[in-house]
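Engineer: Dropping the structure in here first, questions after.
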Amino acid sequence: MSHPYRSHTCGELRRANDGENIRLSGWVHRVRDHGGVLFIDLRDHYGITQVVADPDSPVFKVANELRAEFVIRIDGKVTKRDDDLINPKLATGDIEVFVEDLQVLAKADELPLPVFGEPDYPEETRLTYRFLDLRRESLRQRILLRADVIAALRRLMGERGFVEFQTPILTASSPEGARDFLVPSRIHQGKFYALPQAPQQFKQFSVIAGFDKYFQIAPCFRDEDPRADRSPGEFYQLDIEMGFATQEDVFAVIEPVMREIFEEFGQGHPVSSSFPKIRYRDAMRRYGTDKPDLRNPLEMEVVSSHFADSNFKIFASLLKKEGTEIRAIPAPKGGSRRFCDRMNVFAQKEGLPGMGYVFWRAEDNDIVGAGPLAKNIGRERTEAIRQQLGLEVGDAAFFLGGRPSSFEAFAAKARDRIAHELDLIEQDQFKFCWIVDFPMFERDPDSEEIGFSHNPFSMPQGGMEALETENPLDVMGYQYDIVCNGVELSSGAVRNHKLECLYKAFELAGHNRAFVDTNFSGMVNSLKFGAPPHAGIAPGIERIVMLLAGVDNIREVTMFPLNQRAEDLMLGAPSHPTNQALRELGLRMTKKD
RNA sequence: GCGGUCGUAGCUCAGCCUGGUUAGAGCGCUGGCCUGUCACGCCAGAGGUCGCGGGUUCGAACCCCGUCGACCGCGCCA
């Protein structure tokens, strides 16, 4: 036996190895002690093999001392199992190994976190003992899935002529965007680096430098509060930028990459054959959100005309104000008072006064709307609404009114809730779409001032001419999001590579040239020396893997995540610096009040 | 910064609404028994400041106030 630890792995032995003398190393997954005979499930990266010890074995006594997660090396003989003893759940279930020698390579204390059986454990424990958590099959498989996805992305991008570059981690603070992580400079005391929120500027420089197709599995750092689908601190993007490219060129690259990834790793669930393009404005109107879940078939419709000057005074008077409308969420098969009341209560819990509804039932061979709202507006208007929404007996519709911005967020939730309750969500598939034509500018509701609504560096549709002649609020950008099952996977844009046009865009957002020159000097400079038209996108890696793995928490697809309070419980980060470190950096701590 | 939910054995949870003997169950752990299990089985045992502090009460896991923590959400994330 030449190797000190193993001749085979724990996932390798088959019936064909019957009779061989072999050596295995691994963790004691589980011991089943029958007094006279002892079964040890031995586990390594590759699988589990059943090891058997009986009183005839020279190491029977040692085997009796084994506990969960001991690391051992065994020598033994592979034996074919009798037909009635085969374990079909194990890849190695046709055989077992009779142990002849056994060495304990490392003992294990009583476990703070069991590996076998994977019982639910508090996340704090799982993060403190992440190395144990990672021994558990389900987390382990998700981390391996992530690795496979990243490897496939590299392959797919490479096949398309994209070249992977590394960009700086110690870089400059960007005045726009999220909070930066700052790193103090020792050489320049009092100055700080910032960790990149994304390699946004570097990827543009790459293309401006003439590298036609850039990509990177890029680490991004943002000091913002976490959510279930948003890790505190750091995350990864498939960062892409292309020279001489239009919006359509970016779509043409990303669509097949996404489709291949989701088809290969998506548990066989079907993937949209084409990715429909939905204008931002239409998405907000139909779904109340710019990241619609297209597995949900419900679409809102504007039904203002049916309520104008009607006897439903709340809506009728509402509609007299500027910028208001009434929208209906159809609810096929939701036509019971019970269901409608439940949704109304849901609306009230969400802070609305309520949600009006009509439901339709059969009456004397006729379809009649029921509910207080139907009574108020009368039979004709109720019927017109039914016709518009294409609803039948047994269906219902819910109504929201006011300025769209005041109810759209709730409408999106309600649409989601209604579809879930009525079981209308199409399960087990990936439905993609593009959201396009985002507005370049928006009016701040408080200050009334016009600012960028998205990325200031995006190319406005219509270019300079549009900026000079159109109402800024009507100008749209070449900006786009890719959305899958209601999850925003990424944003992208055609970049504004014309300096004059960039100045003009900032001017409309209330910033003069000096502001742009000061805050974006690198970008401004790069546009002065022959910047090609270019465009890009950056899908979030974790979001993709979450969808593929079917989990709704980003920490379930991250090997060593920070907790909700942005702490590393294993290594104790963040931690206090030493006085010497502070001195070298020229920093002094002050007390927080 | 704000809101919601939760906090009882190492873990998952019951008990709390309606205060009253010794706070229970399953899993895990320890010991014993068991020669074919693979979620092995059987017997026994250890293990609790009911998150913490205060209040009400003759009496608090239970009611009230405060506080700490976890998770989820809002703000934030161009």
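Here's how to read the names in the structure tokens: chain A, B, ... by the order shown, residue numbers from 1 in each chain, ligand numbers from 1 in the order shown.
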Give me, as a PyMOL selection string, the residues of chain A touching chain B, with the criterion being at most 9 Å (counting only C-alpha atoms (C1' of nucleotides)).
Structural biologist: chain A and resi 32-39+41+50+54+85+87+89+110-114+117+119-124+176-179+222-228+230+452-456+564
Engineer: For the structure I just gave you, how does DSSP split region 462-496 of chain A - specifically, which residues are alpha helix (DSSP H)? Reply as a VMD selection string.
Structural biologist: chain A and resid 463 to 469
Engineer: Could you turn the residues from that selection into a file that holds all heavy atoms, as a PDB file, in the first residue's frame?
Structural biologist:
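Result file is result-v7.pdb:
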```pdb
ATOM      1  N   GLY A 463     -29.669  60.653 -28.059  1.00  0.00           N
ATOM      2  CA  GLY A 463     -28.391  61.343 -27.889  1.00  0.00           C
ATOM      3  C   GLY A 463     -28.547  62.808 -27.533  1.00  0.00           C
ATOM      4  O   GLY A 463     -29.489  63.221 -26.862  1.00  0.00           O
ATOM      5  N   MET A 464     -27.586  63.581 -28.014  1.00  0.00           N
ATOM      6  CA  MET A 464     -27.518  65.003 -27.698  1.00  0.00           C
ATOM      7  C   MET A 464     -28.801  65.733 -28.097  1.00  0.00           C
ATOM      8  O   MET A 464     -29.302  66.576 -27.365  1.00  0.00           O
ATOM      9  CB  MET A 464     -26.329  65.602 -28.454  1.00  0.00           C
ATOM     10  CG  MET A 464     -25.921  66.960 -27.958  1.00  0.00           C
ATOM     11  SD  MET A 464     -25.280  66.877 -26.261  1.00  0.00           S
ATOM     12  CE  MET A 464     -24.665  68.540 -26.096  1.00  0.00           C
ATOM     13  N   GLU A 465     -29.332  65.347 -29.235  1.00  0.00           N
ATOM     14  CA  GLU A 465     -30.519  66.037 -29.748  1.00  0.00           C
ATOM     15  C   GLU A 465     -31.682  65.891 -28.777  1.00  0.00           C
ATOM     16  O   GLU A 465     -32.391  66.858 -28.476  1.00  0.00           O
ATOM     17  CB  GLU A 465     -30.894  65.464 -31.121  1.00  0.00           C
ATOM     18  CG  GLU A 465     -31.827  66.379 -31.881  1.00  0.00           C
ATOM     19  CD  GLU A 465     -32.401  65.688 -33.111  1.00  0.00           C
ATOM     20  OE1 GLU A 465     -31.722  64.801 -33.684  1.00  0.00           O
ATOM     21  OE2 GLU A 465     -33.538  66.032 -33.488  1.00  0.00           O
ATOM     22  N   ALA A 466     -31.854  64.689 -28.258  1.00  0.00           N
ATOM     23  CA  ALA A 466     -32.953  64.455 -27.320  1.00  0.00           C
ATOM     24  C   ALA A 466     -32.765  65.297 -26.062  1.00  0.00           C
ATOM     25  O   ALA A 466     -33.718  65.891 -25.538  1.00  0.00           O
ATOM     26  CB  ALA A 466     -33.021  62.968 -26.963  1.00  0.00           C
ATOM     27  N   LEU A 467     -31.531  65.373 -25.592  1.00  0.00           N
ATOM     28  CA  LEU A 467     -31.272  66.135 -24.376  1.00  0.00           C
ATOM     29  C   LEU A 467     -31.564  67.614 -24.589  1.00  0.00           C
ATOM     30  O   LEU A 467     -31.993  68.321 -23.676  1.00  0.00           O
ATOM     31  CB  LEU A 467     -29.813  65.958 -23.933  1.00  0.00           C
ATOM     32  CG  LEU A 467     -29.411  64.564 -23.452  1.00  0.00           C
ATOM     33  CD1 LEU A 467     -27.940  64.553 -23.021  1.00  0.00           C
ATOM     34  CD2 LEU A 467     -30.291  64.081 -22.316  1.00  0.00           C
ATOM     35  N   GLU A 468     -31.307  68.083 -25.801  1.00  0.00           N
ATOM     36  CA  GLU A 468     -31.464  69.517 -26.071  1.00  0.00           C
ATOM     37  C   GLU A 468     -32.900  69.907 -26.388  1.00  0.00           C
ATOM     38  O   GLU A 468     -33.297  71.035 -26.154  1.00  0.00           O
ATOM     39  CB  GLU A 468     -30.550  69.935 -27.234  1.00  0.00           C
ATOM     40  CG  GLU A 468     -29.109  70.086 -26.775  1.00  0.00           C
ATOM     41  CD  GLU A 468     -28.150  70.342 -27.931  1.00  0.00           C
ATOM     42  OE1 GLU A 468     -28.465  69.926 -29.072  1.00  0.00           O
ATOM     43  OE2 GLU A 468     -27.087  70.946 -27.684  1.00  0.00           O
ATOM     44  N   THR A 469     -33.649  68.954 -26.926  1.00  0.00           N
ATOM     45  CA  THR A 469     -34.974  69.344 -27.421  1.00  0.00           C
ATOM     46  C   THR A 469     -36.136  68.777 -26.610  1.00  0.00           C
ATOM     47  O   THR A 469     -37.212  69.352 -26.606  1.00  0.00           O
ATOM     48  CB  THR A 469     -35.154  68.903 -28.889  1.00  0.00           C
ATOM     49  OG1 THR A 469     -35.006  67.486 -28.947  1.00  0.00           O
ATOM     50  CG2 THR A 469     -34.136  69.568 -29.785  1.00  0.00           C
TER      51      THR A 469
END
```
Engineer: What is the CA of Ile261 (chain A)-CA of Lys413 (chain A) distance in Å, reported with one decimal?
Structural biologist: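 CA of Lys413 (chain A) lies at a distance of 29.0 Å from CA of Ile261 (chain A).
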Engineer: Find the residues around Phe359 (chain A) up to 6 Å (only C-alpha atoms (C1' of nucleotides) counted), leave out those fewer than 4 positions away in its own chain, and share them as JSON, numbers by chain.
Structural biologist: {"A": [335, 369, 370, 395, 396]}
Engineer: Report the distance between CA of Asp101 (chain A) and CA of Thr79 (chain A) in Å, rounded to one decimal place.
Structural biologist: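 Computing it gives 15.6 Å between the two atoms.
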Engineer: Quick check, in Å to one decimal: how far apart do C1' of C50 (chain B) and C1' of G24 (chain B) lie?
Structural biologist: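 About the pair C1' of C50 (chain B) and C1' of G24 (chain B): they are 12.3 Å apart.
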Engineer: Of the residues B:G3, B:G32, B:G53, B:C13, which is the one nearest to U67 (chain B), using only C-alpha atoms (C1' of nucleotides)?
Structural biologist: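 Nearest to U67 (chain B): B:G53.
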Engineer: Set the distance at 10 Å and use only C-alpha atoms (C1' of nucleotides): which residues neighbour G48 (chain B) once local chain neighbours fewer than 2 positions away are removed? I'd like the list as a VMD selection string.
Structural biologist: chain B and resid 8 to 9 23 50
Engineer: Quick one: write out the picked residues with N, CA, C and O atoms (P, O5', C5', C4', C3', O3' and C1' of nucleotides) as an mmCIF file, in the first residue's frame?
Structural biologist:
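Saved to selection.cif:
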```
data_model
loop_
_atom_site.group_PDB
_atom_site.id
_atom_site.type_symbol
_atom_site.label_atom_id
_atom_site.label_comp_id
_atom_site.auth_asym_id
_atom_site.auth_seq_id
_atom_site.Cartn_x
_atom_site.Cartn_y
_atom_site.Cartn_z
ATOM 1 P P U B 8 -35.167 29.832 23.416
ATOM 2 O "O5'" U B 8 -36.079 29.570 24.706
ATOM 3 C "C5'" U B 8 -35.607 29.888 25.987
ATOM 4 C "C4'" U B 8 -36.107 28.908 27.004
ATOM 5 C "C3'" U B 8 -35.802 27.447 26.702
ATOM 6 O "O3'" U B 8 -34.479 27.090 27.074
ATOM 7 C "C1'" U B 8 -38.067 27.644 27.247
ATOM 8 P P A B 9 -33.669 26.115 26.118
ATOM 9 O "O5'" A B 9 -33.403 24.837 27.024
ATOM 10 C "C5'" A B 9 -32.462 24.888 28.088
ATOM 11 C "C4'" A B 9 -31.676 23.611 28.156
ATOM 12 C "C3'" A B 9 -31.049 23.176 26.839
ATOM 13 O "O3'" A B 9 -29.785 22.581 27.088
ATOM 14 C "C1'" A B 9 -32.449 21.472 27.634
ATOM 15 P P A B 23 -39.875 21.674 37.969
ATOM 16 O "O5'" A B 23 -40.523 21.233 36.601
ATOM 17 C "C5'" A B 23 -41.927 21.238 36.397
ATOM 18 C "C4'" A B 23 -42.238 21.501 34.942
ATOM 19 C "C3'" A B 23 -41.413 20.650 33.969
ATOM 20 O "O3'" A B 23 -42.059 19.418 33.728
ATOM 21 C "C1'" A B 23 -41.354 22.930 33.317
ATOM 22 P P C B 50 -35.080 30.460 34.570
ATOM 23 O "O5'" C B 50 -35.004 30.078 33.035
ATOM 24 C "C5'" C B 50 -34.875 31.082 32.026
ATOM 25 C "C4'" C B 50 -35.664 30.662 30.824
ATOM 26 C "C3'" C B 50 -36.699 31.690 30.388
ATOM 27 O "O3'" C B 50 -36.751 31.686 28.965
ATOM 28 C "C1'" C B 50 -37.753 29.632 30.808
#
```
Engineer: Apply DSSP to the structure's backbone, then extract all residues of region 134-187 of chain A labelled strand (DSSP E or B) and return them as a PyMOL selection string.
Structural biologist: chain A and resi 163-164+171+182-184
Engineer: Using N, CA, C and O atoms, can you write the selected residues to a file as a PDB file, in the first residue's frame?
Structural biologist:
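In the end it all went to result09.pdb:
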```
ATOM      1  N   VAL A 163     -12.412  38.158 -22.887  1.00  0.00           N
ATOM      2  CA  VAL A 163     -11.158  37.933 -22.179  1.00  0.00           C
ATOM      3  C   VAL A 163     -11.328  38.385 -20.738  1.00  0.00           C
ATOM      4  O   VAL A 163     -11.881  39.456 -20.474  1.00  0.00           O
ATOM      5  N   GLU A 164     -10.871  37.548 -19.804  1.00  0.00           N
ATOM      6  CA  GLU A 164     -11.049  37.886 -18.389  1.00  0.00           C
ATOM      7  C   GLU A 164      -9.871  38.702 -17.878  1.00  0.00           C
ATOM      8  O   GLU A 164      -8.714  38.320 -18.027  1.00  0.00           O
ATOM      9  N   THR A 171      -9.027  51.150  -4.792  1.00  0.00           N
ATOM     10  CA  THR A 171      -9.298  52.116  -5.857  1.00  0.00           C
ATOM     11  C   THR A 171      -9.872  53.392  -5.246  1.00  0.00           C
ATOM     12  O   THR A 171      -9.703  53.631  -4.045  1.00  0.00           O
ATOM     13  N   LEU A 182     -13.915  52.016   3.054  1.00  0.00           N
ATOM     14  CA  LEU A 182     -12.698  52.813   2.935  1.00  0.00           C
ATOM     15  C   LEU A 182     -11.518  52.081   3.551  1.00  0.00           C
ATOM     16  O   LEU A 182     -11.655  51.408   4.557  1.00  0.00           O
ATOM     17  N   VAL A 183     -10.367  52.225   2.916  1.00  0.00           N
ATOM     18  CA  VAL A 183      -9.128  51.623   3.410  1.00  0.00           C
ATOM     19  C   VAL A 183      -8.109  52.740   3.587  1.00  0.00           C
ATOM     20  O   VAL A 183      -7.751  53.406   2.618  1.00  0.00           O
ATOM     21  N   PRO A 184      -7.651  52.952   4.808  1.00  0.00           N
ATOM     22  CA  PRO A 184      -6.736  54.069   5.026  1.00  0.00           C
ATOM     23  C   PRO A 184      -5.381  53.825   4.361  1.00  0.00           C
ATOM     24  O   PRO A 184      -4.898  52.701   4.326  1.00  0.00           O
TER      25      PRO A 184
END
```
Engineer: What lies within 12 Å of Gly351 (chain A) using only C-alpha atoms (C1' of nucleotides), ignoring chain neighbours under 5 positions off, as an MDAnalysis selection string?
Structural biologist: chainID A and resid 344:346 406:407 409:410
Engineer: Could you tell me which of A:Trp434, A:Gln204, A:Asp481, A:Glu137 comes closest to Asn496 (chain A) if we count only C-alpha atoms?
Structural biologist: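 Distance minimum relative to Asn496 (chain A) lands on A:Gln204.
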Engineer: Pick out the closest residue to Gly510 (chain A) from this set: A:Ala91, A:Met284, A:Leu571, A:Ile450. Count only C-alpha atoms.
Structural biologist: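 Closest to Gly510 (chain A), using only C-alpha atoms: A:Ile450.
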Engineer: Counting only C-alpha atoms, which of A:Arg186, A:Lys61, A:Lys77, A:His497 gets nearest to Val207 (chain A)?
Structural biologist: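 Checking each candidate against Val207 (chain A), we get A:His497 as the closest.
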Engineer: Quick one: residues within 9 Å of Gly243 (chain A), only C-alpha atoms (C1' of nucleotides) counted, chain neighbours fewer than 2 positions away excluded, as an MDAnalysis selection string?
Structural biologist: chainID A and resid 204 207:208 210:214 241 245:246 532:536
Engineer: Quick one: everything within 12 Å of C52 (chain B), counting only C-alpha atoms (C1' of nucleotides), minus sequence neighbours fewer than 4 positions away in the same chain. Send it as a PyMOL selection string.
Structural biologist: chain B and resi 7+66-69
Engineer: Just checking: using only C-alpha atoms, which residue out of A:Asp180, A:Glu363, A:Asp416, A:Glu260 ends up closest to Leu294 (chain A)?
Structural biologist: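 Once distances to Leu294 (chain A) are computed over only C-alpha atoms, the minimum belongs to A:Asp416.
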